[in-house]
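Working notes, beginning with the structure itself.
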Amino acid sequence: MTHEVVVVGSVNADLVVSVDRRPDPGETVLGSDLATYPGGKGANQAVAAARLGARTAIVARIGDDAHGGLLRDALSSAGVDLAGLLVTEGPSGVALITVGPDGDNSIIVSPGANARLLPADLDPGLLSAAVVSFQLEIPIPTVVAAAKQASDTGARVVLNLSPATAVPDELLALCDPLVVNEHEAAFLLDAEDDAAAMAAALLERGPRSVVITLGADGALTADSAGVTTVPSPKVEAVDTTGAGDAFTAALCLRLARGDALPDAARYATRVGAAAVRRPGAQSSYPSADDDLPA
Ligand code: RIB
């Protein structure tokens, strides 16, 4: 099967507690019951893309612990091709997540098996797709090696620079687009500015195109054809966890099907908005026949 979207990235068990406010150092606060969801930026993207109808595969590592089964089942039931899902001895990735009253989240990731996805694990045959998508919860040398192999097969490389991490220029040069939020853009540029100015400065760093996500304000795209601002539908946020992953997955799907970048971003903002209306990451993602907010 030829894939429309291949995701190379992380798979985590998300351990989520809702809180009225986050503790200061040395302080204890009480929160909600613990909820455990399948997550991880890579798995979230793969599940979101598959649920929207993309022929999708994942290249990732899970552990041989109890979380590993939950994570595999979530990918499998969304219809993601698991030929590139490896199992390693030891713990799976885990994300400790607090969700505040406004649906905002704070996340600590313990990488577990994700840290053991190495360049030697890569099979070039699994990196051939219309679009190959990356994030940064796996080792950077693996991202660089896989992006080069994907690009060599003719795939379009999409990188979400999350969590914000320094990456080599050779990786930035392969991105089409580089997807960042405003904090990640400012991190990469070492300077804050308005989104259009940061997009222009990012293009000078080498990517063929840039998308800056603006949360409830939508997104901004920039490439050689110009800059486009894309508004987001207004929705009530319950939990923003994984909304950026849903956005990037939807963007990848539409780019794989030949949309121009601004059109793909218009669809992606609607999918991202849909994903903040329910708790959890993958548990909040729409399917192809769901009504999206407009
Ligand atoms: O982007 C949201 C994701 O970040 C969560 O699912 C968590 O696992 C962390 O990777």
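Identifiers in this document derive from the order of the structure tokens: chains are assigned A, B, ..., residues are numbered from 1 separately in each chain, and ligands are numbered from 1 in order of occurrence.
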
Those in range 54-284 of chain A with helix (DSSP H, G or I) from DSSP, as a ChimeraX atom specification
/A:66-78,112-116,119-121,124-127,140-152,169-172,182-189,195-204,215-217,243-256,261-275,282-284

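Within 8 Å of range 229-233 of chain A there are Ala216, Asp217, Gly218, Ala219, Leu220, Thr221, Pro262, Ala265, Arg266, Thr269, Arg270, Ala273, Pro293 and Ala294 of chain A, counting only C-alpha atoms and ignoring same-chain residues fewer than 3 positions away.
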
Any residue with an atom at most 10 Å from ligand 1 counts, using only C-alpha atoms and all ligand atoms. Which are they? Put them as a VMD selection string.
chain A and resid 9 to 16 37 to 45 93 to 97 105 to 111 135 to 137 162 to 163 240 to 246 280 to 282

Any idea what's packed within 9 Å of Ser224 in chain A, counting only C-alpha atoms, ignoring anything in its chain fewer than 3 positions away? Could you give it as a list in words?
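Surrounding residues, per the criterion: Arg208, Ser209 and Val227 of chain A.
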
Could you write those residues out with C-alpha atoms, as a PDB file, in the first residue's frame?
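This is the output file result12.pdb:
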```
ATOM      1  CA  ARG A 208      10.667  26.039   1.756  1.00  0.00           C
ATOM      2  CA  SER A 209       7.549  27.117   3.639  1.00  0.00           C
ATOM      3  CA  VAL A 227       1.836  35.234   3.300  1.00  0.00           C
TER       4      VAL A 227
END
```

Compile the contact shell of range 21-25 of chain A as an MDAnalysis selection string: residues with an atom at most 12 Å away, counting only C-alpha atoms, same-chain residues fewer than 2 positions apart removed.
chainID A and resid 17:19 27:32 97:107

Kindly save the residues from that selection, with C-alpha atoms included, as a PDB file, in the first residue's frame.
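Contents of the output file out.pdb:
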```pdb
ATOM      1  CA  VAL A  17      -5.181  15.332  36.015  1.00  0.00           C
ATOM      2  CA  SER A  18      -7.396  18.433  35.903  1.00  0.00           C
ATOM      3  CA  VAL A  19      -6.528  21.132  38.448  1.00  0.00           C
ATOM      4  CA  GLU A  27       3.263  23.068  47.342  1.00  0.00           C
ATOM      5  CA  THR A  28       0.652  20.278  47.009  1.00  0.00           C
ATOM      6  CA  VAL A  29      -2.757  20.768  45.361  1.00  0.00           C
ATOM      7  CA  LEU A  30      -5.588  18.272  44.884  1.00  0.00           C
ATOM      8  CA  GLY A  31      -6.781  17.484  41.357  1.00  0.00           C
ATOM      9  CA  SER A  32      -9.339  15.284  39.573  1.00  0.00           C
ATOM     10  CA  ILE A  97      -0.286  16.346  31.980  1.00  0.00           C
ATOM     11  CA  THR A  98      -2.187  18.891  34.065  1.00  0.00           C
ATOM     12  CA  VAL A  99      -5.207  20.598  32.510  1.00  0.00           C
ATOM     13  CA  GLY A 100      -6.310  23.958  33.925  1.00  0.00           C
ATOM     14  CA  PRO A 101      -9.805  25.486  34.097  1.00  0.00           C
ATOM     15  CA  ASP A 102      -9.424  27.184  30.686  1.00  0.00           C
ATOM     16  CA  GLY A 103      -8.470  23.906  28.959  1.00  0.00           C
ATOM     17  CA  ASP A 104      -4.801  24.939  28.886  1.00  0.00           C
ATOM     18  CA  ASN A 105      -2.236  22.175  29.569  1.00  0.00           C
ATOM     19  CA  SER A 106       1.258  21.707  31.017  1.00  0.00           C
ATOM     20  CA  ILE A 107       3.170  18.589  29.989  1.00  0.00           C
TER      21      ILE A 107
END
```

Using only C-alpha atoms, the shortest atom-to-atom distance to Ala274 in chain A among A:Val235, A:Leu251, A:Ile138, A:Val179 belongs to A:Val235

Near-Leu172 in chain A list (9 Å; only C-alpha atoms; drop same-chain fewer than 5 positions) as JSON, numbers by chain:
{"A": [159, 167, 178, 205, 206, 207, 208]}

Using DSSP on the backbone coordinates, identify all residues within range 3-135 of chain A classified as strand (DSSP E); present the result as a VMD selection string.
chain A and resid 3 to 8 12 to 18 35 to 39 56 to 63 81 to 88 93 to 99 105 to 110 129 to 134

Would you output that residue set with C-alpha atoms, as a PDB file, in the first residue's frame?
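Output saved as part_26.pdb:
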```pdb
ATOM      1  CA  HIS A   3       0.753   5.802   2.142  1.00  0.00           C
ATOM      2  CA  GLU A   4      -0.442   9.378   1.946  1.00  0.00           C
ATOM      3  CA  VAL A   5       1.046  10.235   5.352  1.00  0.00           C
ATOM      4  CA  VAL A   6       3.857   8.526   7.271  1.00  0.00           C
ATOM      5  CA  VAL A   7       4.524   9.848  10.781  1.00  0.00           C
ATOM      6  CA  VAL A   8       7.945   9.333  12.367  1.00  0.00           C
ATOM      7  CA  ASN A  12       3.171   8.183  24.916  1.00  0.00           C
ATOM      8  CA  ALA A  13       0.656   7.193  27.553  1.00  0.00           C
ATOM      9  CA  ASP A  14      -0.888  10.496  28.713  1.00  0.00           C
ATOM     10  CA  LEU A  15      -1.579  10.549  32.481  1.00  0.00           C
ATOM     11  CA  VAL A  16      -3.937  13.498  32.908  1.00  0.00           C
ATOM     12  CA  VAL A  17      -5.181  15.332  36.015  1.00  0.00           C
ATOM     13  CA  SER A  18      -7.396  18.433  35.903  1.00  0.00           C
ATOM     14  CA  ALA A  35      -7.345   9.686  33.329  1.00  0.00           C
ATOM     15  CA  THR A  36      -5.034   7.641  31.079  1.00  0.00           C
ATOM     16  CA  TYR A  37      -5.187   8.314  27.334  1.00  0.00           C
ATOM     17  CA  PRO A  38      -3.114   7.202  24.346  1.00  0.00           C
ATOM     18  CA  GLY A  39      -0.979  10.159  23.237  1.00  0.00           C
ATOM     19  CA  THR A  56      -1.319   6.431   7.280  1.00  0.00           C
ATOM     20  CA  ALA A  57       1.668   4.594   8.771  1.00  0.00           C
ATOM     21  CA  ILE A  58       3.799   5.257  11.843  1.00  0.00           C
ATOM     22  CA  VAL A  59       7.502   4.685  12.496  1.00  0.00           C
ATOM     23  CA  ALA A  60       7.958   4.621  16.286  1.00  0.00           C
ATOM     24  CA  ARG A  61       8.938   2.629  19.365  1.00  0.00           C
ATOM     25  CA  ILE A  62       6.813   1.520  22.311  1.00  0.00           C
ATOM     26  CA  GLY A  63       7.886  -0.368  25.437  1.00  0.00           C
ATOM     27  CA  ASP A  81      -0.348   0.775   9.454  1.00  0.00           C
ATOM     28  CA  LEU A  82       1.903  -0.606  12.238  1.00  0.00           C
ATOM     29  CA  ALA A  83       4.641  -2.215  10.091  1.00  0.00           C
ATOM     30  CA  GLY A  84       7.084   0.430  11.408  1.00  0.00           C
ATOM     31  CA  LEU A  85       6.060   0.163  15.091  1.00  0.00           C
ATOM     32  CA  LEU A  86       8.932  -1.425  17.043  1.00  0.00           C
ATOM     33  CA  VAL A  87       8.838  -2.801  20.591  1.00  0.00           C
ATOM     34  CA  THR A  88      11.721  -2.331  22.987  1.00  0.00           C
ATOM     35  CA  GLY A  93       6.920   6.998  26.758  1.00  0.00           C
ATOM     36  CA  VAL A  94       4.736   8.696  29.362  1.00  0.00           C
ATOM     37  CA  ALA A  95       3.411  12.266  29.482  1.00  0.00           C
ATOM     38  CA  LEU A  96       2.374  13.763  32.836  1.00  0.00           C
ATOM     39  CA  ILE A  97      -0.286  16.346  31.980  1.00  0.00           C
ATOM     40  CA  THR A  98      -2.187  18.891  34.065  1.00  0.00           C
ATOM     41  CA  VAL A  99      -5.207  20.598  32.510  1.00  0.00           C
ATOM     42  CA  ASN A 105      -2.236  22.175  29.569  1.00  0.00           C
ATOM     43  CA  SER A 106       1.258  21.707  31.017  1.00  0.00           C
ATOM     44  CA  ILE A 107       3.170  18.589  29.989  1.00  0.00           C
ATOM     45  CA  ILE A 108       6.273  16.736  31.199  1.00  0.00           C
ATOM     46  CA  VAL A 109       7.373  13.881  28.913  1.00  0.00           C
ATOM     47  CA  SER A 110       9.384  10.883  30.091  1.00  0.00           C
ATOM     48  CA  ALA A 129       4.858   8.508   1.067  1.00  0.00           C
ATOM     49  CA  ALA A 130       3.355  11.708  -0.266  1.00  0.00           C
ATOM     50  CA  VAL A 131       4.127  13.404   3.068  1.00  0.00           C
ATOM     51  CA  VAL A 132       6.398  12.298   5.919  1.00  0.00           C
ATOM     52  CA  SER A 133       5.785  14.160   9.164  1.00  0.00           C
ATOM     53  CA  PHE A 134       8.119  14.686  12.139  1.00  0.00           C
TER      54      PHE A 134
END
```

Compare A:Ala225, A:Gly79, A:Asp291, A:Val180 by their minimum atom-to-atom distance to Ala54 in chain A, counting only C-alpha atoms, and give me the closest one.
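Using only C-alpha atoms, Ala54 in chain A sits closest to A:Gly79.
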
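If you look at CA of Val210 in chain A and CA of Val276 in chain A, they are 23.2 Å away from each other.
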
Excluding same-chain residues fewer than 2 positions from Ala195 in chain A, what lies within 7 Å of it counting only C-alpha atoms, as a CSV table (one decimal) with all heavy atoms, in the first residue's frame?
```csv
chain,number,residue,atom,x,y,z
A,182,GLU,N,4.0,30.4,18.1
A,182,GLU,CA,4.7,31.6,18.3
A,182,GLU,C,5.9,31.4,19.2
A,182,GLU,O,7.0,32.0,19.0
A,182,GLU,CB,3.8,32.7,18.8
A,182,GLU,CG,2.9,33.2,17.7
A,182,GLU,CD,1.8,34.1,18.3
A,182,GLU,OE1,0.9,33.6,19.0
A,182,GLU,OE2,1.9,35.3,18.0
A,193,ASP,N,8.6,38.7,17.7
A,193,ASP,CA,8.1,39.7,16.8
A,193,ASP,C,6.7,39.3,16.4
A,193,ASP,O,6.2,38.3,16.9
A,193,ASP,CB,9.0,39.7,15.5
A,193,ASP,CG,9.0,41.1,14.9
A,193,ASP,OD1,8.0,41.9,15.1
A,193,ASP,OD2,10.0,41.5,14.3
A,197,ALA,N,6.4,38.8,10.6
A,197,ALA,CA,7.8,39.1,10.6
A,197,ALA,C,8.6,37.8,11.0
A,197,ALA,O,9.7,37.5,10.4
A,197,ALA,CB,8.1,40.2,11.6
A,198,MET,N,8.1,37.0,12.0
A,198,MET,CA,8.8,35.8,12.3
A,198,MET,C,8.8,34.8,11.2
A,198,MET,O,9.8,34.1,11.0
A,198,MET,CB,8.2,35.2,13.6
A,198,MET,CG,8.6,36.1,14.9
A,198,MET,SD,8.4,35.2,16.4
A,198,MET,CE,6.7,35.0,16.6
A,199,ALA,N,7.7,34.7,10.5
A,199,ALA,CA,7.6,33.8,9.4
A,199,ALA,C,8.6,34.2,8.3
A,199,ALA,O,9.3,33.3,7.7
A,199,ALA,CB,6.2,33.8,8.8
A,212,ILE,N,2.9,29.2,11.0
A,212,ILE,CA,2.9,29.6,12.4
A,212,ILE,C,1.4,29.4,12.9
A,212,ILE,O,0.5,30.0,12.4
A,212,ILE,CB,3.4,31.0,12.6
A,212,ILE,CG1,4.8,31.2,12.1
A,212,ILE,CG2,3.3,31.4,14.1
A,212,ILE,CD1,5.5,32.5,12.4
```

Give me, please, the distance in Å between CA of Pro177 in chain A and CA of Gly53 in chain A, quoted to one decimal.
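Result for CA of Pro177 in chain A versus CA of Gly53 in chain A: 21.2 Å, one decimal.
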